[in-house]
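Take a look at the structure below.
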Amino acid sequence: MTSSSSQQPDWHDYVSIFLVSCAVMFYQIALTRVLSVVVWYHFAFLTISMVMLGLGAPGVWFALARNPLRYLRVLLLASGIAVPVSVMLVVKLGAAMLANNVLNIVLFVLPATLALGGVICLLLMKASGAAITKMYGVDLLGAGLGAVTVIPLMHVIPTPLLAAGVGFLPLICLALRPGGMRRAASLCMLLLAGAVVQGDAFQITRSKDYDERVVRPVYEDWSPIARITIFDETFHVLAEHQSGFSWGRGSMFPEGETLPQYWLEQDGSAGTSISKFSGDIGRMGHLFYDVTTVGHQLRPPQSVAIIGAGGGRDILSALLAGATEIDAVELNSHTIDAVSTRFGEFTGDIYHAPGVHAVASDGRSHLTHTRKSFDLIQISLIDSWAASAAGAFALAENSLYTVEAFELYGSRLSEAGLISTSRWMTEMPRLIVLADAALREMGIDETRDHMVIVSAESVGTLLTSERPFGADELERLREICEKRGFVQLYPVAPGAAPPNPFIAATVHQGLAPLAEFGFNVAPPTDDSPYFFHMLSPFSLPDDLSVEIAAVTGMSLNLQSTYLLRLVMWGVAVAAIALFMLPFLARLRKAGRAEPWPHLLRATTYFAMIGFGFMLIENVLVQRFVLYLGHPSYAMTVIIASLLLGMGVGSANAEMLGVGRLKRYGVLMPAAVLGLVLVLPGLFTTTLGLPLALRVLISGSILVPLGAVLGVFFPLGMLRFGDSAKPWYWAINGVFGVVASVLSLALSMEIGFAAVGVVAALGYGVAWACLQGARASSI
């Protein structure tokens, strides 16, 4: 291809790359949230892969095209049209997407990302020589602005409207540019403004399993954490529990009068009831027939910490048990607001009842900060089949189910305190292994004496205590189970057959028998917090038996692991088709122009920095979610800090120079390794500090790291030459796509720390490629 050195960028180009990069970040984060409502969460992470593919693939096409800059205006117009159209297709065709999720997500989303990515690639092509450092810096600063502003805006603007509104940014760029198509840009902006103001075009019509045109919510609210919808008593779940909703209802439940209730749904898949409460706690007696309250009845608490207070049902259970001090911790502040204000009269403003303290935070973060001791810490079915703004597989709930988390819970218990964890029975074996490991870390060897397991219907509750359960308490437990109609699974009564032999066997010997089928039977830790994922995406059996799936449960999560493997194969095929085949053709051409080893060295360099960066970014997102106590904060702080640092580093890369990067670039892998080793200890030491200080600490780490990362791409461009820029951009993008998927699989397999080591090795290889390199002429 020909060089673009004769067409240096002007202010229109800098404004365009700034706004379009901002649009890409907005679109990626907002659409992940929207997809999480329409389809199951494990499909939402495809957004990241589609964005990375869209950013990289145009580079291949432009590398093989003549005068590709002529397409710039067309791609700006296409971006402004494709973005809102893709959002409309996602929200309106949810039912069709469920039938063929992967194909539809690709068809709906990829055109928009290809158009946006094409614009960025063309603008980077236009900058030659030292101008590439400035252009790339402005690109990163635009993306950083998107990361900073999208989360706050998601608190006040419905997310589908926000995602569709991204289309204004490329249209504004087109309208500002001299030449043709300005009138078309103005017309498109007028049409988009009308659609956004009217709103119906971007209103969800189907949320996973039900059609909202038939089952209409009485309340809707979007946030970076979840979309909240509230339904009246006609909702199908409440219609089956007219005398009071129960997760696991005992067989002795007395059917009585109909109790007024609402149903609060998060992202169409994680629900909880909202009960009418007029101040008379005695009318809530039905709650004690739910197996999630067995801990309240076995050792009635005075002080309770509820992780995931939701619609307030667990608050009522604690009040019914006589608790006088209740910390009601709820991750989504919008949930607290809805229960307390919009439905405050109905709920009796339960979050602010006497003795109740509403806390909008992650459960672990709150328990780390507080110095209170609790008689009961309750965690009842806390998971959200949803991708937060931090992206799927970066769920805050995962960090609740690790060995370190249960050690923290134990440290916040009073002398006779209980940890009450309720899960679906299919997940109980995994929970038993986790609790056993945590108790051993706390210095308890005879762990079976410190566990009680009770079930009703498909829900089980595991009680753990540092104080062993004595004979009197076990007799009391037997009486409670008999009165409420619960099933005592462990300890098994002397001489009786175990009601669930697999549960009893798991308490005594763990899940070792499942290891031969390829299951990960190790307890989840903060380094690999995948409580819900027991299978390796690298060694999934092709014919997983129904019996094994039933024992380990989590069929939906097993589907997500299978999907992850499918996406890894898909990415590999796409890389070969879109990148590697053109690369082979280019090698043949390059062989006549200059030695092919030079192109191979340059290609490896840009592949490794793309691969290494995405690994680092995903590891940091996972780590900082726990540290900052909120997915939204983590996403904003991490991405914005990294991109701000990278923008500053790129803009000043020419001052550093290629020579210094060759000499000192080896420090980059060392810095990544040091960060991987230091972060866990730093987080443990400072997790109890106020949020503002933790944000400051995070920024002080991430901005300098980003500044160092930011010099690698522009200085690589300077070192390897101008004319192959589209190819370098493309290969950097495709390996970013590969890493965005592979990082998830690797962290499930080997843990975050090891993934960080792999990222460091990638940057080490990139640094080695600089040695002896010369400017390219191809």
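Chain lettering (A, B, ...) mirrors the order of the structure tokens, residue numbering begins at 1 for each chain separately, and ligand numbering begins at 1 in order of display.
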Leaving out segment 645-653 of chain A and any residue of its chain fewer than 5 positions from it, which residues lie within 8 Å of it when counting only C-alpha atoms, given as a PyMOL selection string?
chain A and resi 133-141+702-711+713-715
Given only C-alpha atoms as the basis, pick out the residue of A:Val637, A:Ala112, A:Met655, A:Met668 nearest to Phe613 of chain A.
A:Met668
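Comparing A:Asp327, A:Asp267, A:Asp375, A:Asp232 by their smallest distance to His357 of chain A, the closest is A:Asp327 (using only C-alpha atoms).
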Give me, as a ChimeraX atom specification, all polymer residues having an atom no more than 6 Å from Thr272 of chain A, counting only C-alpha atoms and skipping those fewer than 2 positions away in the same chain.
/A:263-264,311
Using the selection just defined, write its residues with N, CA and C atoms as a compact mmCIF listing (two decimals), in the first residue's frame.
```txt
# COMPACT_ATOMS: atom_id res chain seq x y z
N TRP A 263 -42.73 -8.25 43.17
CA TRP A 263 -41.55 -9.02 42.80
C TRP A 263 -40.53 -8.09 42.16
N LEU A 264 -39.34 -8.02 42.74
CA LEU A 264 -38.26 -7.20 42.22
C LEU A 264 -37.30 -8.08 41.43
N GLY A 311 -35.02 -6.93 48.28
CA GLY A 311 -36.33 -6.34 48.55
C GLY A 311 -36.67 -6.24 50.02
```
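Between atom CA of Pro597 of chain A and atom CA of Gly716 of chain A lies a distance of 15.9 Å.
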Mind checking DSSP for segment 393-527 of chain A and telling me the helix (DSSP H, G or I) residues as number ranges by chain?
A: 396-400, 403-411, 425-441, 447-450, 471-484, 501-509, 512-517
12 Å contact set for His366 of chain A, only C-alpha atoms, chain neighbours under 4 positions out, as a PyMOL selection string
chain A and resi 305-308+327-331+357-362+370-372+400+405+408-409+412+626-630+687-691
Return the single residue from A:Val676, A:Ile336, A:Val196, A:Ala670 that is closest to Pro160 of chain A, with distances computed using only C-alpha atoms.
A:Val196
What's the separation between atom CA of Gln509 of chain A and atom CA of Glu441 of chain A, in Å to one decimal place?
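Atom CA of Glu441 of chain A lies at a distance of 17.1 Å from atom CA of Gln509 of chain A.
Considering only C-alpha atoms, the residue among A:Gly510, A:Pro58, A:Gly751, A:Pro84 positioned nearest to Pro524 of chain A is A:Gly751.
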Show me, as a list in words, the residues that have an atom within 7 Å of Gly355 of chain A when counting only C-alpha atoms, minus same-chain residues fewer than 4 positions from it.
Thr324, Glu325 and Ile326 of chain A
Please produce a file of those selected residues containing N, CA and C atoms, as a CSV table (one decimal), in the first residue's frame.
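Saved to result_20.csv:
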```
chain,number,residue,atom,x,y,z
A,324,THR,N,-31.8,-6.7,67.0
A,324,THR,CA,-31.9,-5.3,67.3
A,324,THR,C,-30.9,-4.5,66.5
A,325,GLU,N,-29.9,-5.1,66.0
A,325,GLU,CA,-28.9,-4.4,65.2
A,325,GLU,C,-28.7,-5.1,63.9
A,326,ILE,N,-29.1,-4.5,62.7
A,326,ILE,CA,-29.0,-5.2,61.4
A,326,ILE,C,-28.3,-4.3,60.4
```
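Residue nearest Leu644 of chain A within the list A:Ser700, A:Thr402, A:Thr421, A:Ser223: A:Ser700 [criterion: smallest interatomic distance, only C-alpha atoms].
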How far is it from atom CA of Asp211 of chain A to atom CA of Leu381 of chain A, in Å with one decimal?
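Taking atom CA of Asp211 of chain A and atom CA of Leu381 of chain A, their separation equals 24.7 Å.
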Please return, as a PyMOL selection string, all residues of segment 146-320 of chain A that DSSP assigns to strand (DSSP E) on the basis of the backbone.
chain A and resi 206-207+210-211+219-222+227-231+261-266+270-275+303-307
With N, CA and C atoms retained, could you export that selection as a PDB file, in the first residue's frame?
```
ATOM      1  N   ARG A 206     -38.371  -7.975  25.565  1.00  0.00           N
ATOM      2  CA  ARG A 206     -38.268  -9.304  26.149  1.00  0.00           C
ATOM      3  C   ARG A 206     -37.026  -9.374  27.010  1.00  0.00           C
ATOM      4  N   SER A 207     -37.213  -9.839  28.238  1.00  0.00           N
ATOM      5  CA  SER A 207     -36.104  -9.997  29.173  1.00  0.00           C
ATOM      6  C   SER A 207     -35.934 -11.482  29.459  1.00  0.00           C
ATOM      7  N   TYR A 210     -39.267 -14.014  29.686  1.00  0.00           N
ATOM      8  CA  TYR A 210     -40.653 -13.547  29.592  1.00  0.00           C
ATOM      9  C   TYR A 210     -40.746 -12.281  28.747  1.00  0.00           C
ATOM     10  N   ASP A 211     -41.911 -12.154  28.119  1.00  0.00           N
ATOM     11  CA  ASP A 211     -42.201 -11.046  27.221  1.00  0.00           C
ATOM     12  C   ASP A 211     -42.811  -9.910  28.033  1.00  0.00           C
ATOM     13  N   TYR A 219     -42.592  -0.784  37.436  1.00  0.00           N
ATOM     14  CA  TYR A 219     -41.477   0.120  37.747  1.00  0.00           C
ATOM     15  C   TYR A 219     -40.241  -0.382  37.011  1.00  0.00           C
ATOM     16  N   GLU A 220     -39.439   0.554  36.471  1.00  0.00           N
ATOM     17  CA  GLU A 220     -38.195   0.202  35.787  1.00  0.00           C
ATOM     18  C   GLU A 220     -37.128   1.226  36.135  1.00  0.00           C
ATOM     19  N   ASP A 221     -35.914   0.750  36.365  1.00  0.00           N
ATOM     20  CA  ASP A 221     -34.806   1.662  36.675  1.00  0.00           C
ATOM     21  C   ASP A 221     -33.503   0.992  36.231  1.00  0.00           C
ATOM     22  N   TRP A 222     -32.711   1.724  35.459  1.00  0.00           N
ATOM     23  CA  TRP A 222     -31.417   1.225  34.986  1.00  0.00           C
ATOM     24  C   TRP A 222     -30.295   1.778  35.851  1.00  0.00           C
ATOM     25  N   ARG A 227     -30.548  -3.713  35.691  1.00  0.00           N
ATOM     26  CA  ARG A 227     -31.834  -3.095  35.382  1.00  0.00           C
ATOM     27  C   ARG A 227     -32.842  -3.666  36.368  1.00  0.00           C
ATOM     28  N   ILE A 228     -33.459  -2.804  37.143  1.00  0.00           N
ATOM     29  CA  ILE A 228     -34.459  -3.214  38.119  1.00  0.00           C
ATOM     30  C   ILE A 228     -35.841  -3.078  37.492  1.00  0.00           C
ATOM     31  N   THR A 229     -36.616  -4.145  37.571  1.00  0.00           N
ATOM     32  CA  THR A 229     -38.027  -4.080  37.208  1.00  0.00           C
ATOM     33  C   THR A 229     -38.830  -4.652  38.370  1.00  0.00           C
ATOM     34  N   ILE A 230     -39.956  -4.049  38.658  1.00  0.00           N
ATOM     35  CA  ILE A 230     -40.816  -4.506  39.753  1.00  0.00           C
ATOM     36  C   ILE A 230     -42.190  -4.822  39.183  1.00  0.00           C
ATOM     37  N   PHE A 231     -42.704  -6.013  39.547  1.00  0.00           N
ATOM     38  CA  PHE A 231     -43.972  -6.514  39.038  1.00  0.00           C
ATOM     39  C   PHE A 231     -44.962  -6.675  40.189  1.00  0.00           C
ATOM     40  N   GLN A 261     -47.731  -8.625  47.914  1.00  0.00           N
ATOM     41  CA  GLN A 261     -46.312  -8.693  47.585  1.00  0.00           C
ATOM     42  C   GLN A 261     -46.060  -8.075  46.207  1.00  0.00           C
ATOM     43  N   TYR A 262     -44.847  -7.603  46.015  1.00  0.00           N
ATOM     44  CA  TYR A 262     -44.323  -7.273  44.693  1.00  0.00           C
ATOM     45  C   TYR A 262     -43.133  -8.183  44.428  1.00  0.00           C
ATOM     46  N   TRP A 263     -42.731  -8.246  43.170  1.00  0.00           N
ATOM     47  CA  TRP A 263     -41.546  -9.023  42.800  1.00  0.00           C
ATOM     48  C   TRP A 263     -40.526  -8.093  42.161  1.00  0.00           C
ATOM     49  N   LEU A 264     -39.343  -8.025  42.742  1.00  0.00           N
ATOM     50  CA  LEU A 264     -38.256  -7.202  42.222  1.00  0.00           C
ATOM     51  C   LEU A 264     -37.298  -8.083  41.434  1.00  0.00           C
ATOM     52  N   GLU A 265     -37.118  -7.741  40.168  1.00  0.00           N
ATOM     53  CA  GLU A 265     -36.280  -8.531  39.278  1.00  0.00           C
ATOM     54  C   GLU A 265     -35.066  -7.710  38.846  1.00  0.00           C
ATOM     55  N   GLN A 266     -33.887  -8.333  38.879  1.00  0.00           N
ATOM     56  CA  GLN A 266     -32.679  -7.688  38.384  1.00  0.00           C
ATOM     57  C   GLN A 266     -32.241  -8.379  37.097  1.00  0.00           C
ATOM     58  N   ALA A 270     -32.617 -12.436  38.297  1.00  0.00           N
ATOM     59  CA  ALA A 270     -32.263 -12.528  39.711  1.00  0.00           C
ATOM     60  C   ALA A 270     -33.315 -11.759  40.494  1.00  0.00           C
ATOM     61  N   GLY A 271     -34.267 -12.490  41.097  1.00  0.00           N
ATOM     62  CA  GLY A 271     -35.407 -11.836  41.710  1.00  0.00           C
ATOM     63  C   GLY A 271     -35.482 -11.997  43.206  1.00  0.00           C
ATOM     64  N   THR A 272     -36.329 -11.184  43.807  1.00  0.00           N
ATOM     65  CA  THR A 272     -36.604 -11.255  45.239  1.00  0.00           C
ATOM     66  C   THR A 272     -37.964 -10.631  45.499  1.00  0.00           C
ATOM     67  N   SER A 273     -38.621 -11.075  46.534  1.00  0.00           N
ATOM     68  CA  SER A 273     -39.946 -10.543  46.834  1.00  0.00           C
ATOM     69  C   SER A 273     -39.839  -9.267  47.666  1.00  0.00           C
ATOM     70  N   ILE A 274     -40.871  -8.442  47.544  1.00  0.00           N
ATOM     71  CA  ILE A 274     -41.038  -7.258  48.393  1.00  0.00           C
ATOM     72  C   ILE A 274     -42.360  -7.449  49.133  1.00  0.00           C
ATOM     73  N   SER A 275     -42.286  -7.578  50.433  1.00  0.00           N
ATOM     74  CA  SER A 275     -43.486  -7.855  51.230  1.00  0.00           C
ATOM     75  C   SER A 275     -44.067  -6.571  51.812  1.00  0.00           C
ATOM     76  N   SER A 303     -27.485  -9.349  66.660  1.00  0.00           N
ATOM     77  CA  SER A 303     -26.877  -8.531  65.603  1.00  0.00           C
ATOM     78  C   SER A 303     -26.723  -9.381  64.350  1.00  0.00           C
ATOM     79  N   VAL A 304     -27.108  -8.801  63.195  1.00  0.00           N
ATOM     80  CA  VAL A 304     -27.125  -9.547  61.933  1.00  0.00           C
ATOM     81  C   VAL A 304     -26.515  -8.681  60.837  1.00  0.00           C
ATOM     82  N   ALA A 305     -25.696  -9.303  59.999  1.00  0.00           N
ATOM     83  CA  ALA A 305     -25.236  -8.676  58.758  1.00  0.00           C
ATOM     84  C   ALA A 305     -25.848  -9.451  57.596  1.00  0.00           C
ATOM     85  N   ILE A 306     -26.599  -8.757  56.754  1.00  0.00           N
ATOM     86  CA  ILE A 306     -27.254  -9.379  55.605  1.00  0.00           C
ATOM     87  C   ILE A 306     -26.522  -8.937  54.356  1.00  0.00           C
ATOM     88  N   ILE A 307     -25.954  -9.880  53.625  1.00  0.00           N
ATOM     89  CA  ILE A 307     -25.279  -9.560  52.369  1.00  0.00           C
ATOM     90  C   ILE A 307     -26.258  -9.818  51.236  1.00  0.00           C
TER      91      ILE A 307
END
```
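If only C-alpha atoms are the atoms counted, then among A:Gly256, A:Gly733, A:Gly762, A:Gly657 the closest residue to Val51 of chain A is A:Gly733.
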Nearby residues (only C-alpha atoms) at most 9 Å from Lys662 of chain A, same-chain spacing under 6 positions excluded, as a ChimeraX atom specification:
/A:767-768,770-771
Spatial neighbours of Ala759 of chain A, 7 Å, only C-alpha atoms, chain gap at least 4 places, as a ChimeraX atom specification:
/A:612,615-616,755,763
Keeping only all heavy atoms, write those residues as a tab-separated table (two decimals), in the first residue's frame.
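Result went into part_15.tsv, see below:
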```tsv
chain	number	residue	atom	x	y	z
A	612	GLY	N	-0.53	-8.82	25.65
A	612	GLY	CA	-0.16	-8.54	27.04
A	612	GLY	C	-1.06	-7.51	27.69
A	612	GLY	O	-1.44	-7.65	28.86
A	615	LEU	N	-4.49	-8.99	28.69
A	615	LEU	CA	-4.36	-9.86	29.86
A	615	LEU	C	-4.24	-9.02	31.12
A	615	LEU	O	-4.90	-9.30	32.13
A	615	LEU	CB	-3.13	-10.76	29.71
A	615	LEU	CG	-3.18	-11.88	28.66
A	615	LEU	CD1	-1.91	-12.72	28.74
A	615	LEU	CD2	-4.40	-12.76	28.84
A	616	ILE	N	-3.40	-7.99	31.08
A	616	ILE	CA	-3.21	-7.14	32.26
A	616	ILE	C	-4.52	-6.45	32.63
A	616	ILE	O	-4.92	-6.41	33.80
A	616	ILE	CB	-2.12	-6.10	32.00
A	616	ILE	CG1	-0.75	-6.78	31.90
A	616	ILE	CG2	-2.09	-5.05	33.12
A	616	ILE	CD1	0.35	-5.85	31.45
A	755	VAL	N	-1.78	-15.54	35.22
A	755	VAL	CA	-2.12	-14.80	34.00
A	755	VAL	C	-1.27	-13.53	33.92
A	755	VAL	O	-0.81	-13.14	32.84
A	755	VAL	CB	-3.62	-14.47	33.95
A	755	VAL	CG1	-3.93	-13.56	32.76
A	755	VAL	CG2	-4.45	-15.74	33.85
A	763	TYR	N	5.14	-8.97	27.16
A	763	TYR	CA	5.89	-7.72	27.01
A	763	TYR	C	7.39	-7.98	26.91
A	763	TYR	O	8.12	-7.23	26.25
A	763	TYR	CB	5.57	-6.77	28.15
A	763	TYR	CG	4.35	-5.92	27.88
A	763	TYR	CD1	3.10	-6.30	28.35
A	763	TYR	CD2	4.43	-4.77	27.11
A	763	TYR	CE1	1.96	-5.55	28.08
A	763	TYR	CE2	3.32	-4.00	26.83
A	763	TYR	CZ	2.09	-4.40	27.32
A	763	TYR	OH	0.97	-3.64	27.02
```
